[in-house]
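Participant: Structure supplied as run_34.cif; contents: mmCIF, C-alpha atoms.
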```cif
data_data
loop_
_atom_site.group_PDB
_atom_site.id
_atom_site.type_symbol
_atom_site.label_atom_id
_atom_site.label_comp_id
_atom_site.auth_asym_id
_atom_site.auth_seq_id
_atom_site.Cartn_x
_atom_site.Cartn_y
_atom_site.Cartn_z
ATOM 1 C CA MET A 1 55.569 128.612 -41.650
ATOM 2 C CA ASN A 2 52.875 130.524 -43.396
ATOM 3 C CA SER A 3 50.293 129.208 -45.775
ATOM 4 C CA GLU A 4 52.095 130.517 -48.847
ATOM 5 C CA ILE A 5 55.173 128.479 -48.074
ATOM 6 C CA GLU A 6 53.058 125.468 -47.332
ATOM 7 C CA SER A 7 51.364 125.752 -50.676
ATOM 8 C CA VAL A 8 54.721 125.897 -52.417
ATOM 9 C CA LEU A 9 55.972 122.900 -50.558
ATOM 10 C CA HIS A 10 52.951 120.693 -50.550
ATOM 11 C CA GLU A 11 54.322 118.306 -53.120
ATOM 12 C CA ILE A 12 57.687 117.731 -51.560
ATOM 13 C CA TYR A 13 57.611 118.616 -47.915
ATOM 14 C CA ASP A 14 55.775 117.264 -45.011
ATOM 15 C CA VAL A 15 55.943 120.644 -43.329
ATOM 16 C CA ARG A 16 53.812 119.555 -40.409
ATOM 17 C CA SER A 17 56.564 117.363 -39.058
ATOM 18 C CA GLY A 18 59.545 119.381 -40.205
ATOM 19 C CA PHE A 19 60.800 116.902 -42.748
ATOM 20 C CA ILE A 20 61.876 117.379 -46.307
ATOM 21 C CA ILE A 21 60.975 114.637 -48.760
ATOM 22 C CA PRO A 22 63.037 115.159 -51.869
ATOM 23 C CA GLY A 23 62.123 112.129 -53.938
ATOM 24 C CA THR A 24 63.482 108.622 -54.470
ATOM 25 C CA PHE A 25 60.465 106.675 -53.422
ATOM 26 C CA TRP A 26 60.436 103.435 -51.620
ATOM 27 C CA ASP A 27 57.084 101.743 -51.519
ATOM 28 C CA GLY A 28 55.449 105.030 -52.385
ATOM 29 C CA ASP A 29 57.134 106.955 -49.614
ATOM 30 C CA GLY A 30 59.689 109.669 -50.247
ATOM 31 C CA CYS A 31 63.016 109.603 -48.482
ATOM 32 C CA LYS A 32 62.502 111.786 -45.463
ATOM 33 C CA ILE A 33 65.290 114.048 -44.325
ATOM 34 C CA LEU A 34 65.235 115.527 -40.857
ATOM 35 C CA PHE A 35 66.583 119.033 -40.269
ATOM 36 C CA GLU A 36 68.155 119.616 -36.900
ATOM 37 C CA GLN A 37 69.918 122.649 -35.514
ATOM 38 C CA GLU A 38 72.640 121.517 -33.162
ATOM 39 C CA GLU A 39 73.809 123.447 -30.137
ATOM 40 C CA ASP A 40 77.128 124.269 -31.766
ATOM 41 C CA LYS A 41 75.248 125.971 -34.622
ATOM 42 C CA ASN A 42 75.897 123.164 -37.033
ATOM 43 C CA ILE A 43 72.981 121.873 -39.031
ATOM 44 C CA ARG A 44 72.505 118.152 -39.207
ATOM 45 C CA LEU A 45 70.444 116.646 -41.979
ATOM 46 C CA SER A 46 69.770 112.983 -41.521
ATOM 47 C CA SER A 47 67.853 110.135 -43.025
ATOM 48 C CA CYS A 48 64.805 109.052 -41.073
ATOM 49 C CA GLU A 49 62.981 105.941 -40.050
ATOM 50 C CA ASN A 50 61.817 105.090 -43.538
ATOM 51 C CA PHE A 51 65.382 104.893 -44.783
ATOM 52 C CA GLU A 52 66.311 102.821 -41.757
ATOM 53 C CA ALA A 53 63.414 100.492 -42.488
ATOM 54 C CA PHE A 54 64.500 100.332 -46.082
ATOM 55 C CA THR A 55 68.063 99.369 -45.238
ATOM 56 C CA GLU A 56 66.857 96.774 -42.749
ATOM 57 C CA GLN A 57 64.465 95.282 -45.236
ATOM 58 C CA VAL A 58 66.867 95.259 -48.128
ATOM 59 C CA PHE A 59 70.149 94.440 -46.568
ATOM 60 C CA ILE A 60 68.842 92.407 -43.634
ATOM 61 C CA ASP A 61 71.945 91.172 -41.869
ATOM 62 C CA ASN A 62 74.463 91.840 -44.560
ATOM 63 C CA PHE A 63 74.570 95.623 -44.645
ATOM 64 C CA GLU A 64 78.076 95.371 -43.227
ATOM 65 C CA ASP A 65 79.110 93.607 -46.429
ATOM 66 C CA TYR A 66 78.529 96.895 -48.156
ATOM 67 C CA THR A 67 80.384 99.135 -45.745
ATOM 68 C CA GLU A 68 83.241 99.464 -48.219
ATOM 69 C CA TYR A 69 80.885 101.005 -50.730
ATOM 70 C CA VAL A 70 79.055 103.088 -48.165
ATOM 71 C CA SER A 71 82.428 104.519 -47.140
ATOM 72 C CA LYS A 72 83.200 105.461 -50.730
ATOM 73 C CA ILE A 73 79.796 107.066 -51.095
ATOM 74 C CA ASN A 74 80.287 109.047 -47.889
ATOM 75 C CA LYS A 75 83.692 110.226 -49.024
ATOM 76 C CA ARG A 76 82.275 111.470 -52.275
ATOM 77 C CA PHE A 77 79.248 113.269 -50.895
ATOM 78 C CA GLY A 78 80.640 114.448 -47.578
ATOM 79 C CA THR A 79 78.126 112.368 -45.670
ATOM 80 C CA ALA A 80 78.598 109.963 -42.770
ATOM 81 C CA TRP A 81 76.983 106.791 -41.496
ATOM 82 C CA ASP A 82 75.653 106.583 -37.962
ATOM 83 C CA SER A 83 75.663 102.862 -37.279
ATOM 84 C CA LYS A 84 73.903 103.243 -33.945
ATOM 85 C CA ARG A 85 70.901 105.026 -35.427
ATOM 86 C CA ARG A 86 71.304 103.405 -38.867
ATOM 87 C CA GLN A 87 71.207 106.877 -40.362
ATOM 88 C CA ILE A 88 73.121 108.575 -43.072
ATOM 89 C CA TYR A 89 73.679 112.221 -42.306
ATOM 90 C CA ILE A 90 75.531 115.363 -43.272
ATOM 91 C CA ARG A 91 76.654 118.031 -40.823
ATOM 92 C CA PHE A 92 77.546 121.505 -41.990
ATOM 93 C CA ARG A 93 77.577 125.197 -41.214
ATOM 94 C CA ARG A 94 75.419 127.570 -43.157
ATOM 95 C CA ASN A 95 78.463 129.688 -44.023
ATOM 96 C CA ASP A 96 80.150 126.742 -45.669
ATOM 97 C CA MET A 97 77.318 125.127 -47.542
ATOM 98 C CA SER A 98 73.789 126.021 -48.545
ATOM 99 C CA ILE A 99 70.964 123.839 -47.347
ATOM 100 C CA ALA A 100 70.155 123.072 -50.964
ATOM 101 C CA GLU A 101 73.642 121.728 -51.560
ATOM 102 C CA ALA A 102 73.545 119.713 -48.367
ATOM 103 C CA VAL A 103 70.190 118.206 -49.284
ATOM 104 C CA THR A 104 71.549 117.462 -52.746
ATOM 105 C CA ARG A 105 74.546 115.656 -51.302
ATOM 106 C CA LEU A 106 72.581 113.671 -48.756
ATOM 107 C CA HIS A 107 69.964 112.762 -51.324
ATOM 108 C CA GLY A 108 72.665 111.653 -53.750
ATOM 109 C CA ALA A 109 74.282 109.447 -51.117
ATOM 110 C CA MET A 110 70.916 107.936 -50.231
ATOM 111 C CA MET A 111 70.227 107.156 -53.871
ATOM 112 C CA LEU A 112 73.529 105.336 -54.234
ATOM 113 C CA ILE A 113 73.066 103.362 -51.026
ATOM 114 C CA ALA A 114 69.597 102.433 -52.213
ATOM 115 C CA ALA A 115 71.088 101.272 -55.492
ATOM 116 C CA LEU A 116 73.271 98.784 -53.637
ATOM 117 C CA ASP A 117 70.087 96.797 -53.119
ATOM 118 C CA TRP A 118 69.953 96.067 -56.844
ATOM 119 C CA TYR A 119 73.030 93.941 -56.484
ATOM 120 C CA LEU A 120 71.223 91.626 -54.126
ATOM 121 C CA TYR A 121 67.619 91.408 -55.146
ATOM 122 C CA ALA A 122 67.321 93.029 -58.551
ATOM 123 C CA MET B 1 63.489 107.140 -27.946
ATOM 124 C CA GLU B 2 65.597 109.245 -30.233
ATOM 125 C CA GLU B 3 66.705 112.548 -28.839
ATOM 126 C CA ARG B 4 65.191 115.397 -30.797
ATOM 127 C CA ARG B 5 67.011 118.660 -31.038
ATOM 128 C CA GLU B 6 65.457 121.895 -32.088
ATOM 129 C CA ILE B 7 64.227 121.865 -35.632
ATOM 130 C CA LYS B 8 65.165 125.249 -36.916
ATOM 131 C CA ALA B 9 62.629 127.237 -38.840
ATOM 132 C CA ILE B 10 63.932 127.833 -42.326
ATOM 133 C CA SER B 11 63.359 131.008 -44.232
ATOM 134 C CA ASP B 12 61.054 131.153 -47.206
ATOM 135 C CA LYS B 13 64.000 131.894 -49.492
ATOM 136 C CA LYS B 14 65.911 128.892 -48.281
ATOM 137 C CA LEU B 15 62.917 126.649 -48.537
ATOM 138 C CA ARG B 16 62.457 127.635 -52.128
ATOM 139 C CA GLU B 17 66.136 127.082 -52.718
ATOM 140 C CA ILE B 18 65.928 123.617 -51.248
ATOM 141 C CA ILE B 19 63.177 122.423 -53.465
ATOM 142 C CA TRP B 20 64.897 123.622 -56.579
ATOM 143 C CA GLU B 21 62.134 126.126 -57.044
ATOM 144 C CA LYS B 22 58.938 124.952 -58.510
ATOM 145 C CA ILE B 23 60.229 124.260 -61.962
ATOM 146 C CA THR B 24 57.848 125.934 -64.331
ATOM 147 C CA VAL B 25 57.346 124.362 -67.681
ATOM 148 C CA SER B 26 55.167 125.944 -70.295
ATOM 149 C CA LYS B 27 53.530 123.812 -72.896
ATOM 150 C CA ASP B 28 53.647 126.842 -75.183
ATOM 151 C CA VAL B 29 57.421 126.720 -75.308
ATOM 152 C CA GLU B 30 58.975 123.991 -77.384
ATOM 153 C CA GLU B 31 62.216 123.689 -75.443
ATOM 154 C CA GLN B 32 63.409 125.031 -72.109
ATOM 155 C CA VAL B 33 66.543 124.602 -70.039
ATOM 156 C CA LEU B 34 66.061 124.133 -66.300
ATOM 157 C CA THR B 35 68.747 124.223 -63.649
ATOM 158 C CA MET B 36 68.868 122.374 -60.370
ATOM 159 C CA PRO B 37 71.707 122.016 -57.853
ATOM 160 C CA TRP B 38 73.535 118.723 -57.935
ATOM 161 C CA HIS B 39 76.746 117.241 -56.628
ATOM 162 C CA PHE B 40 78.823 115.574 -59.290
ATOM 163 C CA GLY B 41 82.172 115.927 -57.586
ATOM 164 C CA LYS B 42 84.754 113.185 -57.324
ATOM 165 C CA GLU B 43 85.557 114.245 -53.774
ATOM 166 C CA SER B 44 83.321 115.852 -51.199
ATOM 167 C CA ASP B 45 85.401 119.019 -51.157
ATOM 168 C CA GLU B 46 84.636 119.694 -54.804
ATOM 169 C CA LYS B 47 81.972 122.317 -55.050
ATOM 170 C CA SER B 48 78.604 121.176 -56.246
ATOM 171 C CA GLU B 49 77.592 122.379 -59.677
ATOM 172 C CA PRO B 50 74.185 122.874 -61.206
ATOM 173 C CA LEU B 51 72.665 120.222 -63.382
ATOM 174 C CA LYS B 52 71.063 121.612 -66.494
ATOM 175 C CA ILE B 53 68.232 119.654 -67.935
ATOM 176 C CA THR B 54 66.446 120.274 -71.174
ATOM 177 C CA VAL B 55 62.705 119.924 -71.287
ATOM 178 C CA LYS B 56 61.046 119.637 -74.666
ATOM 179 C CA HIS B 57 57.336 119.719 -75.133
ATOM 180 C CA VAL B 58 56.452 116.922 -77.499
ATOM 181 C CA LYS B 59 53.274 115.305 -78.711
ATOM 182 C CA LEU B 60 53.362 111.582 -79.056
ATOM 183 C CA PRO B 61 51.101 109.539 -81.293
ATOM 184 C CA ARG B 62 48.578 107.417 -79.451
ATOM 185 C CA LYS B 63 50.064 104.163 -80.666
ATOM 186 C CA SER B 64 53.338 104.907 -78.865
ATOM 187 C CA VAL B 65 51.684 104.377 -75.492
ATOM 188 C CA GLY B 66 51.178 100.774 -74.443
ATOM 189 C CA PRO B 67 47.892 99.344 -73.097
ATOM 190 C CA GLU B 68 49.040 99.364 -69.487
ATOM 191 C CA ARG B 69 50.081 102.981 -69.698
ATOM 192 C CA GLN B 70 46.836 103.874 -71.438
ATOM 193 C CA ARG B 71 44.864 102.433 -68.520
ATOM 194 C CA SER B 72 46.812 104.534 -66.034
ATOM 195 C CA LEU B 73 46.252 107.629 -68.128
ATOM 196 C CA GLY B 74 42.502 107.237 -67.956
ATOM 197 C CA SER B 75 40.590 109.725 -70.031
ATOM 198 C CA VAL B 76 43.697 110.971 -71.763
ATOM 199 C CA VAL B 77 43.540 107.951 -74.061
ATOM 200 C CA ASP B 78 40.588 109.552 -75.773
ATOM 201 C CA THR B 79 42.833 112.059 -77.450
ATOM 202 C CA GLN B 80 44.750 111.276 -80.584
ATOM 203 C CA GLN B 81 48.013 112.595 -79.255
ATOM 204 C CA TYR B 82 49.603 112.653 -75.839
ATOM 205 C CA GLU B 83 51.031 115.782 -74.342
ATOM 206 C CA SER B 84 54.453 114.855 -73.079
ATOM 207 C CA PHE B 85 57.613 116.391 -71.758
ATOM 208 C CA GLU B 86 60.856 114.894 -72.955
ATOM 209 C CA ILE B 87 63.566 115.560 -70.403
ATOM 210 C CA SER B 88 67.278 115.228 -71.173
ATOM 211 C CA ASP B 89 70.463 115.615 -69.153
ATOM 212 C CA GLY B 90 72.365 116.782 -72.223
ATOM 213 C CA GLY B 91 74.939 114.040 -71.699
ATOM 214 C CA ARG B 92 76.031 115.332 -68.285
ATOM 215 C CA ALA B 93 75.982 111.958 -66.501
ATOM 216 C CA PHE B 94 78.273 110.453 -69.131
ATOM 217 C CA ILE B 95 80.592 113.455 -69.010
ATOM 218 C CA GLU B 96 80.883 113.201 -65.239
ATOM 219 C CA LEU B 97 81.507 109.451 -65.301
ATOM 220 C CA GLU B 98 84.088 109.923 -68.039
ATOM 221 C CA ARG B 99 85.796 112.572 -65.942
ATOM 222 C CA LYS B 100 86.161 110.019 -63.157
ATOM 223 C CA VAL B 101 87.040 106.844 -65.056
ATOM 224 C CA GLY B 102 88.310 107.917 -68.460
ATOM 225 C CA ASP B 103 86.840 105.322 -70.799
ATOM 226 C CA ILE B 104 83.199 104.588 -70.003
ATOM 227 C CA THR B 105 82.883 101.677 -72.447
ATOM 228 C CA PRO B 106 83.219 98.974 -69.752
ATOM 229 C CA TYR B 107 80.359 100.625 -67.868
ATOM 230 C CA LEU B 108 77.849 100.573 -70.710
ATOM 231 C CA PRO B 109 76.166 97.262 -69.750
ATOM 232 C CA ARG B 110 75.639 98.533 -66.215
ATOM 233 C CA ILE B 111 74.339 101.839 -67.519
ATOM 234 C CA LYS B 112 71.757 100.030 -69.611
ATOM 235 C CA ARG B 113 70.598 98.083 -66.585
ATOM 236 C CA ILE B 114 70.355 101.202 -64.478
ATOM 237 C CA LEU B 115 68.232 102.847 -67.125
ATOM 238 C CA TYR B 116 65.946 99.857 -67.030
ATOM 239 C CA LYS B 117 65.794 99.817 -63.241
ATOM 240 C CA THR B 118 64.980 103.499 -62.960
ATOM 241 C CA GLY B 119 62.209 103.128 -65.494
ATOM 242 C CA MET B 120 61.203 104.996 -68.597
ATOM 243 C CA ASN B 121 64.686 106.309 -69.230
ATOM 244 C CA GLU B 122 66.504 105.727 -72.452
ATOM 245 C CA LEU B 123 69.842 106.531 -73.941
ATOM 246 C CA ARG B 124 70.160 108.572 -77.078
ATOM 247 C CA GLY B 125 73.523 109.781 -78.298
ATOM 248 C CA GLY B 126 74.982 109.690 -74.795
ATOM 249 C CA ARG B 127 72.104 111.644 -73.343
ATOM 250 C CA ILE B 128 69.743 110.227 -70.765
ATOM 251 C CA ILE B 129 66.162 110.837 -71.758
ATOM 252 C CA THR B 130 62.907 110.396 -69.931
ATOM 253 C CA LYS B 131 59.376 111.091 -71.028
ATOM 254 C CA THR B 132 56.678 112.271 -68.705
ATOM 255 C CA TYR B 133 53.191 111.547 -69.945
ATOM 256 C CA ASP B 134 51.015 112.440 -67.060
ATOM 257 C CA LEU B 135 51.775 116.038 -66.245
ATOM 258 C CA TYR B 136 48.476 117.811 -66.026
ATOM 259 C CA SER B 137 50.026 120.739 -64.203
ATOM 260 C CA PRO B 138 52.288 123.172 -66.054
ATOM 261 C CA TRP B 139 55.163 122.627 -63.678
ATOM 262 C CA ILE B 140 57.567 119.891 -62.744
ATOM 263 C CA THR B 141 58.989 119.037 -59.345
ATOM 264 C CA LEU B 142 61.547 116.550 -58.234
ATOM 265 C CA HIS B 143 58.694 114.102 -57.847
ATOM 266 C CA HIS B 144 58.270 113.981 -61.584
ATOM 267 C CA LEU B 145 61.977 113.697 -62.132
ATOM 268 C CA ASP B 146 62.604 111.011 -59.552
ATOM 269 C CA GLY B 147 63.695 108.148 -61.805
ATOM 270 C CA PHE B 148 65.549 110.557 -64.010
ATOM 271 C CA VAL B 149 67.711 112.120 -61.320
ATOM 272 C CA THR B 150 68.273 108.714 -59.736
ATOM 273 C CA ALA B 151 69.609 107.390 -63.033
ATOM 274 C CA ILE B 152 71.857 110.387 -63.559
ATOM 275 C CA THR B 153 73.248 110.277 -60.031
ATOM 276 C CA ILE B 154 73.996 106.568 -60.095
ATOM 277 C CA ILE B 155 75.529 106.603 -63.561
ATOM 278 C CA ALA B 156 77.714 109.584 -62.720
ATOM 279 C CA ASN B 157 79.021 107.668 -59.693
ATOM 280 C CA LEU B 158 79.302 104.155 -61.098
ATOM 281 C CA ASP B 159 83.013 104.111 -60.389
ATOM 282 C CA ILE B 160 82.362 103.620 -56.660
ATOM 283 C CA LEU B 161 79.656 100.967 -56.980
ATOM 284 C CA PRO B 162 80.248 97.236 -57.379
ATOM 285 C CA PRO B 163 79.421 95.420 -60.628
ATOM 286 C CA PHE B 164 76.155 93.540 -60.980
ATOM 287 C CA THR B 165 76.420 89.864 -60.196
ATOM 288 C CA ASN B 166 72.869 88.663 -59.738
ATOM 289 C CA SER B 167 72.130 86.087 -62.420
ATOM 290 C CA LYS B 168 68.357 86.609 -62.383
ATOM 291 C CA TRP B 169 68.817 90.289 -62.943
ATOM 292 C CA SER B 170 71.366 89.685 -65.651
ATOM 293 C CA SER B 171 68.939 87.471 -67.529
ATOM 294 C CA GLU B 172 66.063 89.894 -67.126
ATOM 295 C CA ALA B 173 68.205 92.815 -68.176
ATOM 296 C CA ARG B 174 69.493 90.958 -71.183
ATOM 297 C CA ASP B 175 65.969 90.430 -72.471
ATOM 298 C CA ILE B 176 65.155 94.094 -72.050
ATOM 299 C CA GLU B 177 68.388 95.175 -73.652
ATOM 300 C CA GLU B 178 67.812 92.991 -76.662
ATOM 301 C CA LYS B 179 64.330 94.439 -77.073
ATOM 302 C CA GLN B 180 65.626 97.979 -76.775
ATOM 303 C CA LEU B 181 68.471 97.314 -79.130
ATOM 304 C CA LEU B 182 65.996 96.068 -81.703
ATOM 305 C CA GLU B 183 64.071 99.291 -81.268
ATOM 306 C CA GLY B 184 67.259 101.291 -81.698
ATOM 307 C CA ASN B 185 67.134 102.904 -78.307
ATOM 308 C CA LEU B 186 70.554 101.858 -77.112
#
```
Spit out the file's structure as structure tokens when you get a sec.
Facilitator:
Amino acid sequence: MNSEIESVLHEIYDVRSGFIIPGTFWDGDGCKILFEQEEDKNIRLSSCENFEAFTEQVFIDNFEDYTEYVSKINKRFGTAWDSKRRQIYIRFRRNDMSIAEAVTRLHGAMMLIAALDWYLYA
Amino acid sequence: MEERREIKAISDKKLREIIWEKITVSKDVEEQVLTMPWHFGKESDEKSEPLKITVKHVKLPRKSVGPERQRSLGSVVDTQQYESFEISDGGRAFIELERKVGDITPYLPRIKRILYKTGMNELRGGRIITKTYDLYSPWITLHHLDGFVTAITIIANLDILPPFTNSKWSSEARDIEEKQLLEGNL
């Protein structure tokens, strides 16, 4: 990435590590989204360790109590929950969806999952 | 150790697309409409549609900013008026929730609490409003709109979230609501 792009992105992206940070801050840290190109040419955008830490901190042992709502959120935004990695992710092909739309959807799902915390500790 | 696949380099055009452009706001223009991609669909196969937000350049009297906010603003408190951007969703969150549930009246208490939780947002004639006091730069990014877009997204999708049950929160919210109601904000 050249310096021009970096200057455009400095507020939102951590371009050095290949993450996008589109907002919704937890303890001053943006929600990182990892871009990955899979071998089958799909793109996988996924939440990162800070979202995992957030869900662990907030939901502790009762995240499973909210699986019903997480399922509804996933259905709405086209996202999915990886219970092994404790990640929310979206997988898509560039022909079917723009990256912007995919980021929008994943970000939206993350915001709603984060909001579930309000029901416990608000 | 998590397996890392190739992180694909993304073109300049796409990168700009992802960050919703750098949203330029001129203080010389009284009102501007900005567009950013958003997903309001009821199902994932509904195509995402842009969210239009209205940004008005307003000047607020000094007395409208509380002491705590004045401290965070630093030297700005020396001026008689505060430069501010008033950002509105034009009622889109309500429209989208209404499209999903029909009557939004039962959701109003939860909406009020969400506005409180996301900070500095208020409700005016069905529109969600936020004011940004501390924009020294002439442009806005998603950073500046964080609480605003969070509020809009959650309100537009309230039909799939559970109701609030926490008693502490209910009490706290009630106090805030009463204050806001007295001020005519809700």
Participant: As a PyMOL selection string, please: the residues near region 65-73 of chain A (cut-off 10 Å, only C-alpha atoms, same-chain neighbours under 6 positions excluded).
Facilitator: (chain A and resi 59+79-81+88+108-113+116-117) or (chain B and resi 43-44+157+159-162)
Participant: Find the distance between CA of Lys131 (chain B) and CA of Ile154 (chain B) and write it in Å to one decimal.
Facilitator: 18.8 Å
Participant: Could you pull out every residue with an atom within 6 Å of (72.1, 114.8, -39.3), file coordinates, counting all atoms listed in the file, and send them as a list in words?
Facilitator: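 Every polymer residue passing the test: Arg44, Leu45, Ser46, Tyr89, Ile90 and Arg91 of chain A.
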Participant: Where does the PyMOL selection byres ((chain B and resi 123-126) around 6) land in this file, that is, which residues does it pick, as a list of chain:residue names?
Facilitator: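 Selected by the PyMOL selection byres ((chain B and resi 123-126) around 6) in this file: B:Gly91, B:Glu122, B:Arg127, B:Ile128, B:Leu186.
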Participant: Can you tell me how far CA of Phe85 (chain B) sits from CA of Thr130 (chain B), in Å to one decimal?
Facilitator: 8.2 Å
Participant: Between CA of Ile114 (chain B) and CA of Ala53 (chain A), what is the spacing in Å?
Facilitator: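 Atom-to-atom, CA of Ala53 (chain A) to CA of Ile114 (chain B), that is 23.1 Å.
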Participant: Could you check which of B:Ala93, B:Val55, B:Ile87, B:Ile104 is closest to Ile155 (chain B), using all atoms listed in the file?
Facilitator: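 Checking each candidate against Ile155 (chain B), we get B:Ala93 as the closest.
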Participant: Between B:Leu158, B:Ile129, B:Ile53, B:Val58, which has the minimum distance to chain A (counting all atoms listed in the file)?
Facilitator: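 Among B:Leu158, B:Ile129, B:Ile53, B:Val58, it is B:Leu158 that comes nearest to chain A.
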Participant: Determine, counting only C-alpha atoms, which protein, DNA and RNA residues have an atom within 12 Å of an atom of Gly41 (chain B); residues of the same chain fewer than 6 positions away are not included. Present the result as a PyMOL selection string.
Facilitator: (chain A and resi 73+75-78+101+104-105+108) or (chain B and resi 47-51+93+95-97+99-100+153+156-157)
Participant: Smallest atom-to-atom distance to chain B: which of A:Asn74, A:Glu56, A:Asp82, A:Asn50, using all atoms listed in the file?
Facilitator: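 Closest residue, counting all atoms listed in the file: A:Asn74.
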Participant: Looking at A:Arg94, A:Thr55, A:Phe35, A:Asp40, which one is nearest to chain B, with distances taken over only C-alpha atoms?
Facilitator: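 Of A:Arg94, A:Thr55, A:Phe35, A:Asp40, the one nearest chain B, counting only C-alpha atoms, is A:Phe35.
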Participant: Give, as lines of an AutoDock Vina configuration file, the centre coordinates and the x, y and z edge lengths in Å to one decimal for an axis-aligned box around all listed atoms of region 31-36 of chain A, padded by 6 Å on each side.
Facilitator:
```
center_x = 65.3
center_y = 114.6
center_z = -42.7
size_x = 17.7
size_y = 22.0
size_z = 23.6
```
Participant: The PyMOL selection byres ((chain B and resi 30) around 6) - which residues does that actually catch in the file I just gave you? List them as a short mmCIF file (atom, residue, chain, number, x, y, z; two decimals) with C-alpha atoms, keeping the file's coordinate frame.
Facilitator:
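Result file result38.cif:
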```cif
data_model
loop_
_atom_site.label_atom_id
_atom_site.label_comp_id
_atom_site.auth_asym_id
_atom_site.auth_seq_id
_atom_site.Cartn_x
_atom_site.Cartn_y
_atom_site.Cartn_z
CA VAL B 29 57.42 126.72 -75.31
CA GLU B 31 62.22 123.69 -75.44
CA LYS B 56 61.05 119.64 -74.67
CA HIS B 57 57.34 119.72 -75.13
#
```
Participant: Between A:Phe54, A:Glu36, A:Ala115, A:Phe63, which is the closest to Phe92 (chain A) once you count all atoms listed in the file?
Facilitator: A:Glu36
